[in-house]
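Visitor: So here's upload.csv, just CSV, C-alpha atoms:
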```
chain,number,residue,atom,x,y,z
A,1,MET,CA,-108.8,36.9,150.1
A,2,HIS,CA,-109.3,40.6,149.8
A,3,ALA,CA,-106.7,43.2,148.8
A,4,PHE,CA,-106.5,46.7,150.3
A,5,ASP,CA,-104.6,49.9,149.7
A,6,VAL,CA,-104.4,52.7,152.3
A,7,LYS,CA,-104.8,55.3,149.5
A,8,THR,CA,-108.3,54.1,148.7
A,9,LEU,CA,-109.6,53.4,152.3
A,10,THR,CA,-112.1,56.0,153.5
A,11,ALA,CA,-110.9,58.1,156.4
A,12,GLY,CA,-113.3,58.8,159.3
A,13,ARG,CA,-112.3,61.6,161.7
A,14,TRP,CA,-112.2,61.0,165.4
A,15,HIS,CA,-114.8,62.8,167.6
A,16,ASN,CA,-112.0,64.5,169.5
A,17,GLY,CA,-110.4,65.7,166.3
A,18,GLY,CA,-107.0,64.1,167.1
A,19,GLY,CA,-106.9,61.7,164.2
A,20,ALA,CA,-108.6,59.6,161.6
A,21,THR,CA,-109.3,55.9,161.1
A,22,ARG,CA,-109.4,53.9,157.9
A,23,GLU,CA,-111.1,50.6,158.4
A,24,ILE,CA,-109.5,47.6,156.6
A,25,ALA,CA,-112.1,45.0,157.7
A,26,SER,CA,-114.2,43.9,160.6
A,27,HIS,CA,-116.3,41.0,161.6
A,28,PRO,CA,-119.3,41.2,161.5
A,29,ALA,CA,-118.8,43.9,158.8
A,30,GLY,CA,-119.9,47.3,160.0
A,31,ALA,CA,-121.1,46.2,163.4
A,32,SER,CA,-120.4,48.3,166.4
A,33,GLY,CA,-120.2,45.1,168.4
A,34,PHE,CA,-117.5,43.6,166.3
A,35,GLU,CA,-115.7,40.4,167.0
A,36,TRP,CA,-112.5,41.7,165.4
A,37,ARG,CA,-111.5,44.8,163.6
A,38,ALA,CA,-108.5,45.9,161.6
A,39,SER,CA,-107.8,49.5,160.8
A,40,LEU,CA,-105.1,52.1,160.1
A,41,ALA,CA,-105.1,55.1,162.4
A,42,ASP,CA,-103.6,58.5,161.5
A,43,ILE,CA,-102.8,60.1,164.9
A,44,ASP,CA,-102.3,63.8,164.4
A,45,ARG,CA,-101.7,65.2,167.9
A,46,ASP,CA,-101.5,64.3,171.6
A,47,GLY,CA,-104.7,63.2,173.2
A,48,PRO,CA,-106.8,60.3,174.6
A,49,PHE,CA,-107.7,57.1,172.8
A,50,SER,CA,-111.3,55.9,172.8
A,51,LEU,CA,-112.3,53.2,175.3
A,52,PHE,CA,-113.3,49.8,174.1
A,53,PRO,CA,-114.5,47.7,177.1
A,54,GLY,CA,-114.0,43.9,176.7
A,55,VAL,CA,-111.6,44.4,173.7
A,56,ASP,CA,-107.9,43.7,173.5
A,57,ARG,CA,-105.9,45.9,171.2
A,58,THR,CA,-102.6,45.5,169.4
A,59,LEU,CA,-101.2,48.8,168.0
A,60,THR,CA,-98.1,48.8,165.6
A,61,LEU,CA,-96.7,52.0,164.2
A,62,VAL,CA,-96.2,51.8,160.4
A,63,ALA,CA,-95.1,55.5,160.0
A,64,GLY,CA,-93.8,58.2,162.4
A,65,ASP,CA,-91.0,58.5,164.9
A,66,GLY,CA,-92.6,57.0,168.0
A,67,MET,CA,-95.4,57.5,170.5
A,68,ARG,CA,-95.7,57.3,174.3
A,69,LEU,CA,-98.9,55.8,175.8
A,70,SER,CA,-99.7,56.5,179.4
A,71,SER,CA,-102.5,55.5,181.7
A,72,PRO,CA,-103.3,55.5,185.4
A,73,GLY,CA,-103.7,51.7,184.9
A,74,LEU,CA,-100.1,51.2,183.8
A,75,ARG,CA,-97.0,51.0,186.0
A,76,ALA,CA,-95.0,52.9,183.4
A,77,PRO,CA,-95.7,54.5,180.0
A,78,LEU,CA,-95.7,52.2,176.9
A,79,LEU,CA,-93.4,53.2,174.1
A,80,ALA,CA,-94.6,52.5,170.6
A,81,ARG,CA,-91.9,52.2,167.9
A,82,THR,CA,-92.2,51.6,164.2
A,83,GLY,CA,-92.8,48.0,163.3
A,84,GLU,CA,-93.0,46.8,167.0
A,85,PRO,CA,-96.5,45.4,168.0
A,86,LEU,CA,-97.7,46.8,171.4
A,87,ALA,CA,-100.7,45.0,173.1
A,88,PHE,CA,-102.9,46.5,175.8
A,89,PRO,CA,-106.5,46.3,177.0
A,90,GLY,CA,-109.0,48.5,175.3
A,91,ASP,CA,-110.6,49.2,178.7
A,92,LEU,CA,-107.6,51.4,179.8
A,93,ALA,CA,-107.9,55.1,179.6
A,94,ILE,CA,-104.9,55.8,177.3
A,95,ASP,CA,-103.4,59.1,176.5
A,96,ALA,CA,-101.0,59.4,173.5
A,97,ASP,CA,-98.0,61.7,173.4
A,98,LEU,CA,-96.4,62.3,170.0
A,99,PRO,CA,-93.0,64.0,170.8
A,100,ASP,CA,-91.8,63.9,167.2
A,101,GLY,CA,-95.1,64.5,165.3
A,102,ALA,CA,-97.9,62.6,163.7
A,103,CYS,CA,-97.9,58.8,163.4
A,104,ARG,CA,-99.8,56.1,161.5
A,105,ALA,CA,-100.6,52.8,163.2
A,106,LEU,CA,-102.1,49.4,162.3
A,107,ASN,CA,-104.7,48.8,164.9
A,108,ILE,CA,-106.0,45.3,165.6
A,109,MET,CA,-108.9,44.8,168.0
A,110,VAL,CA,-110.4,41.5,169.1
A,111,ARG,CA,-113.3,40.7,171.5
A,112,ARG,CA,-111.7,39.3,174.6
A,113,GLY,CA,-112.4,35.7,175.3
A,114,ARG,CA,-113.6,35.0,171.8
A,115,TRP,CA,-110.6,35.9,169.7
A,116,THR,CA,-106.8,36.3,170.1
A,117,ALA,CA,-104.6,38.5,168.0
A,118,ARG,CA,-101.0,37.6,167.3
A,119,VAL,CA,-99.2,40.4,165.5
A,120,GLN,CA,-95.6,40.0,164.3
A,121,GLN,CA,-93.2,41.5,161.8
A,122,VAL,CA,-92.4,39.0,159.0
A,123,ASN,CA,-90.0,38.7,156.0
A,124,ALA,CA,-90.8,35.2,154.9
A,125,ARG,CA,-93.8,33.4,153.3
A,126,VAL,CA,-97.0,33.7,155.4
A,127,ALA,CA,-99.0,30.4,155.7
A,128,PRO,CA,-102.5,31.1,157.1
A,129,PRO,CA,-103.9,28.3,159.4
A,130,LEU,CA,-107.3,26.9,158.5
A,131,GLY,CA,-110.1,28.6,160.3
A,132,HIS,CA,-108.1,31.8,161.3
A,133,ALA,CA,-108.8,35.3,160.0
A,134,GLY,CA,-105.8,37.4,159.0
A,135,VAL,CA,-104.4,40.7,157.9
A,136,LEU,CA,-101.1,41.3,156.1
A,137,HIS,CA,-99.8,44.9,155.8
A,138,VAL,CA,-96.7,45.6,153.7
A,139,LEU,CA,-94.1,47.9,155.4
A,140,ARG,CA,-91.2,47.6,153.0
A,141,GLY,CA,-90.3,46.0,149.7
A,142,HIS,CA,-92.7,44.0,147.5
A,143,TRP,CA,-94.8,40.9,148.1
A,144,ARG,CA,-96.5,38.4,145.8
A,145,THR,CA,-100.0,37.2,146.6
A,146,GLY,CA,-100.6,33.5,147.1
A,147,ASP,CA,-102.4,33.0,143.8
A,148,GLY,CA,-99.7,35.0,142.0
A,149,THR,CA,-102.1,37.5,140.5
A,150,ASN,CA,-101.0,40.7,142.4
A,151,VAL,CA,-97.9,42.4,143.6
A,152,LEU,CA,-98.2,44.3,146.9
A,153,ALA,CA,-96.2,47.5,147.7
A,154,PRO,CA,-95.8,49.4,151.0
A,155,GLY,CA,-99.2,50.6,152.3
A,156,GLN,CA,-101.0,47.7,150.6
A,157,GLY,CA,-102.1,44.3,152.0
A,158,LEU,CA,-104.5,41.4,152.3
A,159,TRP,CA,-107.2,40.3,154.7
A,160,TRP,CA,-109.7,37.4,155.0
A,161,HIS,CA,-112.3,36.0,157.3
A,162,ALA,CA,-112.0,32.8,159.2
A,163,ASP,CA,-114.6,31.0,157.1
A,164,GLU,CA,-112.9,31.9,153.8
A,165,LYS,CA,-110.5,29.5,152.3
A,166,ALA,CA,-107.0,31.0,151.9
A,167,PRO,CA,-104.4,29.5,149.6
A,168,ASN,CA,-101.4,27.4,150.8
A,169,HIS,CA,-99.7,30.7,151.5
A,170,ALA,CA,-101.2,34.2,151.6
A,171,ALA,CA,-98.2,36.1,150.4
A,172,ALA,CA,-94.5,35.7,149.8
A,173,PRO,CA,-91.6,38.2,149.6
A,174,LEU,CA,-90.4,39.4,146.2
A,175,SER,CA,-87.6,41.6,147.2
A,176,ALA,CA,-84.7,41.3,149.7
A,177,ASP,CA,-86.0,44.1,151.8
A,178,ALA,CA,-89.6,42.8,152.0
A,179,THR,CA,-91.1,43.3,155.4
A,180,ALA,CA,-94.7,43.1,156.5
A,181,LEU,CA,-96.9,43.0,159.6
A,182,TRP,CA,-98.9,39.8,159.9
A,183,ALA,CA,-101.9,39.7,162.2
A,184,ASP,CA,-103.1,36.2,162.9
A,185,LEU,CA,-106.7,36.4,164.3
A,186,VAL,CA,-107.4,33.2,166.2
A,187,PRO,CA,-110.9,32.1,167.3
A,188,SER,CA,-111.0,30.8,170.9
A,189,GLY,CA,-109.8,27.2,171.0
A,190,SER,CA,-107.9,27.2,167.6
A,191,ALA,CA,-104.4,26.0,167.0
A,192,ARG,CA,-101.4,28.2,166.9
A,193,SER,CA,-100.4,30.3,163.9
A,194,ALA,CA,-98.0,29.2,161.1
A,195,CYS,CA,-95.5,31.5,159.3
A,196,GLY,CA,-92.4,30.9,157.3
```
Just give me the structure of the file as structure tokens.
Guide:
Amino acid sequence: MHAFDVKTLTAGRWHNGGGATREIASHPAGASGFEWRASLADIDRDGPFSLFPGVDRTLTLVAGDGMRLSSPGLRAPLLARTGEPLAFPGDLAIDADLPDGACRALNIMVRRGRWTARVQQVNARVAPPLGHAGVLHVLRGHWRTGDGTNVLAPGQGLWWHADEKAPNHAAAPLSADATALWADLVPSGSARSACG
């Protein structure tokens, strides 16, 4: 298991200048043809998202007051709200509208047909299934890592690859307000996730 803190992740500016991305992890690491990728995106202003053909995306706001995503390929705009995962194909030409200012989002991307991402808000112990990759991002409160060595605060989290052995539980809440985003990254043909 690997810990991360948004304060220490390197930010790379978007080509269109509309935001910056801080990569948490990817598989294979650093490859443009990733199988899966987890990052935090700071979206500074209205504008288009990059296209990712053959990729499924799940975007969840972790800060900000909402964002509207529109595309000719959608019947109606998608409304992104803090803590609510929003899934859409990376092939769509998406334009983001930020009516109330800048936002930060957890962005999970998986190669379609090879991986599936299941992102949910959790406030109980997270039990990672064998053979799954995963990302846990703390939204509120404090969490204890599975081996008991670290306490995680908002903006911090954990991740691991599918071939790494995770403990019986990745993290458990330490405070009554503890809330996190859990991304269970499932290789094709694997069993369902386990939380709680």
Visitor: So, counting all atoms listed in the file, which residue among A:Ile108, A:Met67, A:Ile43, A:Val55 is closest to Asp91 in chain A?
Guide: A:Val55
Visitor: I want to know what sits within 9 Å of Pro72 in chain A, based on all atoms listed in the file, with residues of the same chain fewer than 5 positions away left out; could you give that as a list in words?
Guide: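 Once the adjacent positions are removed, what remains is Leu92, Ala93 and Ile94 of chain A.
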Visitor: Mind pulling up the distance from CA of Trp159 in chain A to CA of Asp147 in chain A?
Guide: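 Distance between the two atoms: 14.0 Å.
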Visitor: Quick one: residues within 6 Å of Leu181 in chain A, all atoms listed in the file, excluding same-chain residues fewer than 4 positions away - as a PDB file with C-alpha atoms, in the coordinates of the input?
Guide:
```
ATOM      1  CA  GLN A 120     -95.600  40.000 164.300  1.00  0.00           C
ATOM      2  CA  GLN A 121     -93.200  41.500 161.800  1.00  0.00           C
ATOM      3  CA  LEU A 136    -101.100  41.300 156.100  1.00  0.00           C
ATOM      4  CA  HIS A 137     -99.800  44.900 155.800  1.00  0.00           C
TER       5      HIS A 137
END
```
Visitor: Identify the residues within 12 Å of coordinate (-111.5, 35.5, 171.8) (same frame as the file), considering all atoms listed in the file, and give the answer as a PyMOL selection string.
Guide: chain A and resi 34-36+54-57+109-118+132+185-190
Visitor: Select, from A:Ala105, A:Val122, A:Leu61, A:Leu130, the residue with the minimum atom-to-atom distance to Pro173 in chain A, counting all atoms listed in the file.
Guide: A:Val122
Visitor: Please provide the set of residues having any atom within 10 Å of Gly148 in chain A, restricted to only C-alpha atoms, with same-chain residues fewer than 6 positions apart removed, written as a compact mmCIF listing (two decimals) with C-alpha atoms, in the frame of the given file.
Guide:
```
# COMPACT_ATOMS: atom_id res chain seq x y z
CA ALA A 170 -101.20 34.20 151.60
CA ALA A 171 -98.20 36.10 150.40
CA ALA A 172 -94.50 35.70 149.80
```
